[in-house]
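Notes follow once the structure below has been shown.
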Amino acid sequence: MKAEYDFSGAKRGAVIPPKGKTRISIFIDNAVLDAFRSRAESAGTGYQTMMNDALKQYLTEADQPLTEKMLRQVLRQELSEYIAQASAVPSKGTAKPRAKATTRR
């Protein structure tokens, strides 16, 4: 052992550098946590790994640009629902003609 050590270039923190993950504290709804734990148990993996994978998947899907194909698909779906609703409700111009009023004598 040395009689004196030089700590002038030392840094505070963990000795082992992190491997791309950060430890945090987070509040999760009990129902969500229970669902991930049960799914992870049946899949034979860790629930934290499963939650991390679900978040990664959400982020990759959320960052996808809107393509012409996706826009056409959404418009077809929305327009078909709109047309179905519009045809189910009679419009003002398609009202039935009123019966003739009888005259009093």
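A note on labels: chains of the structure tokens are A, B, ... as shown, every chain counts residues from 1, and ligands are counted from 1 in their shown order.
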
_Members of chain A assigned helix (DSSP H, G or I) by DSSP, as a PyMOL selection string_ = chain A and resi 30-43+47-62+68-88+92-94

*Please provide the set of residues having any atom within 9 Å of range 32-36 of chain A, restricted to only C-alpha atoms, with same-chain residues fewer than 3 positions apart removed, written as an MDAnalysis selection string.*
chainID A and resid 28:29 39:41 46:48 50:51

Restricted to C-alpha atoms, what would the selected residues look like written as a compact mmCIF listing (two decimals), in the first residue's frame?
# COMPACT_ATOMS: atom_id res chain seq x y z
CA ILE A 28 -46.96 3.20 -12.04
CA ASP A 29 -50.64 2.34 -11.57
CA ARG A 39 -47.42 -11.26 -18.51
CA ALA A 40 -43.72 -11.38 -17.69
CA GLU A 41 -44.18 -14.39 -15.44
CA GLY A 46 -38.57 -9.75 -16.22
CA TYR A 47 -41.42 -7.29 -15.98
CA GLN A 48 -39.07 -4.30 -16.11
CA MET A 50 -41.07 -6.08 -20.75
CA MET A 51 -42.06 -2.53 -19.77

*Quote the spacing between CA of Leu59 in chain A and CA of Lys21 in chain A in Å to one decimal place.*
16.4 Å

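The gap separating CA of Val15 in chain A from CA of Leu55 in chain A is 28.8 Å, in Å to one decimal.
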
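Distance-wise, CA of Thr67 in chain A and CA of Asp53 in chain A end up 24.9 Å apart.
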